[in-house]
Structures are given as C-alpha cells and as structure tokens.
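Working notes, structure below.
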Amino acid sequence: MTRTVVHLLRHGEVHNPTGILYGRIPGFKLSERGQKQALTVAEHLADHDIVHVVASPLDRAQQTASPIADSHRLELATDERLIEADNQFEGLKVAVGDGALRSPQHWPKLVNPFRPSWGEPYIEIAHRMMGAAQKARAAAEGHEAVCVSHQLPIWTLRRFLEGKRMWHDPRRRECSLASLTSLIFEGEQLVRIAYSEPVGATDPRVTGA
C-alpha cells in the first residue's frame with residue numbers, strides 16, 4: 001500500500017512582550033528566535049520527500065511554513081481549518097494568579113472544562129484538523145506533506161486519533177514550539193503517530209510561546 005506522511009508542525013516562538021493569549025488576533029509574528037526555529041525545521045526536513053506545504057492563515061504559521069516551502073520549491077497553500085482554537089480569553093493574560101482568571105466576571109466561562117466552555121469545542125477542533133490532514137494526505141499521496149498549525153489544535157487531533165478524552169491538562173501537552181507530530185498512513189489508514197522536536201523542548205505552560 002502507498003505510504004504517506006503528514007507532518008503537523010507547530011509554529012515557532014512568537015514576539016509577545018506583554019504575555020497575552022493572542023489566539024487569532026492578527027499581527028503576531030515570529031520572534032527572532034522563532035525565525036531561527038523555522039529555518040532549523042526547514043533544514044531538518046530538507047532531505048524529506050515533501051511535495052505539499054500548507055499553513056494556518058495566521059502570520060506565525062505562514063512565517064514558519066515559508067522556509068520549508070521555499071527549500072522544496074513549492075507554493076505555500078493556506079487552509080483555514082488549521083487555525084488556532086477560538087478562545088473567549090483572547091487578548092487577556094490568563095496565567096493563574098496573574099490575569100483574567102482572578103476576575104469573578106470571567107468565572108462563568110470556566111464552568112465546563114470538558115467542552116470547554118471558554119472556547120471552541122474540542123471535538124470541533126479535532127474534526128476540522130482531521131479534515132485538513134486528510135486533504136494534505138491526498139495532495140501528497142505516496143510522499144510527505146507539512147501542515148503548520150498551533151499547539152492546541154495539533155494536540156487535540158493527536159488525542160482524538162489516539163482514542164483519548166478531549167479534555168486534558170494543558171501543562172502536559174507534548175507539542176513544543178516547532179515540533180513535528182507526524183501521521184503515517186498506509187493508503188488511507190493511519191498506522192502510526194510519531195513525535196519529534198527538531199529545535200528542542202519548550203515549556204507548554206508559557207503564555208505567548
């Protein structure tokens with residue numbers, strides 16, 4: 001059967017000096033370190049059989065994807081389904097003891113962590129991400145594709161594919177900056193999930209990373 005690999009790449013570090021939850025807010029670009037991370041991942045993937053590169057429409061994802069597309073002489077595609085999760089705390093600081101979570105006016109948004117009640121439902125994230133991954137698989141059949149997205153969407157899809165519950169402890173996400181969560185398909189069937197960190201591990205608890 002035909003083997004196809006779809007790499008889900010988290011974007012690099014973002015310039016976020018105020019430490020807010022930027023979510024889908026436009027204009028948040030890679031930091032200098034993030035730009036170096038994007039180049040490192042491109043070098044890591046230089047010898048891979050990549051024939052399709054697609055990214056979330058957000059600036060940080062597009063910037064992370066560009067060196068990969070350039071090195072393989074490919075046109076960078078955009079898929080809205082790869083975008084960051086919608087979140088009602090967008091634009092605020094949300095660190096425990098240091099932001100919006102201290103304010104009683106925001107507590108009603110926290111009543112159901114299983115859905116979650118503060119943003120886009122996990123199952124909807126998983127379904128849209130799976131749609132994007134399957135489209136990339138079809139575009140790269142027999143080769144490799146790279147989909148540049150964001151920490152929560154990638155981690156949610158991985159948990160969905162592994163048959164795990166959607167709700168989870170954000171501090172335990174295995175999805176570092178510029179990491180690769182690789183879906184290996186035989187034909188249309190997913191047979192394995194691999195994970196690697198070409199630029200090293202980062203703390204999933206850091207707001208603005």
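Every chain in the structure tokens takes a letter, A first, then B, and so on in the order presented; its residues are numbered from 1, and the ligands are numbered from 1 following the presented order.
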
Exercise for the section: Please provide the set of residues having any atom within 8 Å of Phe185 of chain A, restricted to only C-alpha atoms, with same-chain residues fewer than 5 positions apart removed, written as a list of chain:residue names. Expected result: A:Thr2, A:Arg3, A:Thr4, A:Val5, A:Leu190, A:Val191, A:Arg192

Residues of the last selection are to be written out with C-alpha atoms, as a short mmCIF file (atom, residue, chain, number, x, y, z; two decimals), in the first residue's frame.
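And here's result_1.cif as it stands now:
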data_model
loop_
_atom_site.label_atom_id
_atom_site.label_comp_id
_atom_site.auth_asym_id
_atom_site.auth_seq_id
_atom_site.Cartn_x
_atom_site.Cartn_y
_atom_site.Cartn_z
CA THR A 2 1.05 3.61 -0.55
CA ARG A 3 2.83 5.22 2.42
CA THR A 4 2.12 8.90 3.04
CA VAL A 5 3.33 11.07 5.92
CA LEU A 190 -3.45 5.86 9.87
CA VAL A 191 -0.95 3.29 11.14
CA ARG A 192 1.34 5.28 13.42
#

Practice task
Give me every helix (DSSP H, G or I) residue in segment 1-187 of chain A, going by DSSP on the backbone, as an MDAnalysis selection string.
Solution key: chainID A and resid 32:44 59:71 80:82 100:102 104:110 122:139 151:161 170:172

Completion exercise
As a check of understanding: the span from atom CA of Lys135 of chain A to atom CA of Ala42 of chain A is 21.7 Å

Problem - Closest of A:Asn16, A:Glu43, A:Ala69, A:Gly23 to Ala145 of chain A - atom-to-atom distances counting only C-alpha atoms - result: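 Between A:Asn16, A:Glu43, A:Ala69, A:Gly23, the residue approaching Ala145 of chain A most closely is A:Ala69.
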
Exercise for the section: Can you work out which one of A:His127, A:Val148, A:Ile193, A:Tyr22 has the shortest atom-to-atom distance to Asp86 of chain A, counting only C-alpha atoms? Expected result: A:Tyr22

Exercise for the section: Write out as JSON, numbers by chain all residues of chain A that backbone DSSP assigns to strand (DSSP E or B). Expected result: {"A": [3, 4, 5, 6, 7, 8, 9, 10, 14, 30, 50, 51, 52, 53, 54, 55, 76, 77, 78, 87, 119, 144, 145, 146, 147, 148, 149, 180, 181, 182, 183, 184, 185, 186, 189, 190, 191, 192, 193, 194, 195, 196]}

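Those residues that approach Ala132 of chain A to within 7 Å, counting only C-alpha atoms, are A:Asp79, A:Arg81, A:Leu82, A:Arg128, A:Ala136; same-chain residues fewer than 4 positions away are not listed.
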
Exercise for the section: Compile the contact shell of Leu161 of chain A as number ranges by chain: residues with an atom at most 12 Å away, counting only C-alpha atoms, same-chain residues fewer than 4 positions apart removed. Expected result: A: 123, 126-127, 129-130, 133, 154-157, 165-166, 181-184, 189-193

Problem - All residues 8 Å or closer to Ala201 of chain A, only C-alpha atoms, same chain fewer than 3 positions away omitted, as a PyMOL selection string - result: chain A and resi 176-177+197

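Between atom CA of Val146 of chain A and atom CA of Asp59 of chain A lies a distance of 16.4 Å.
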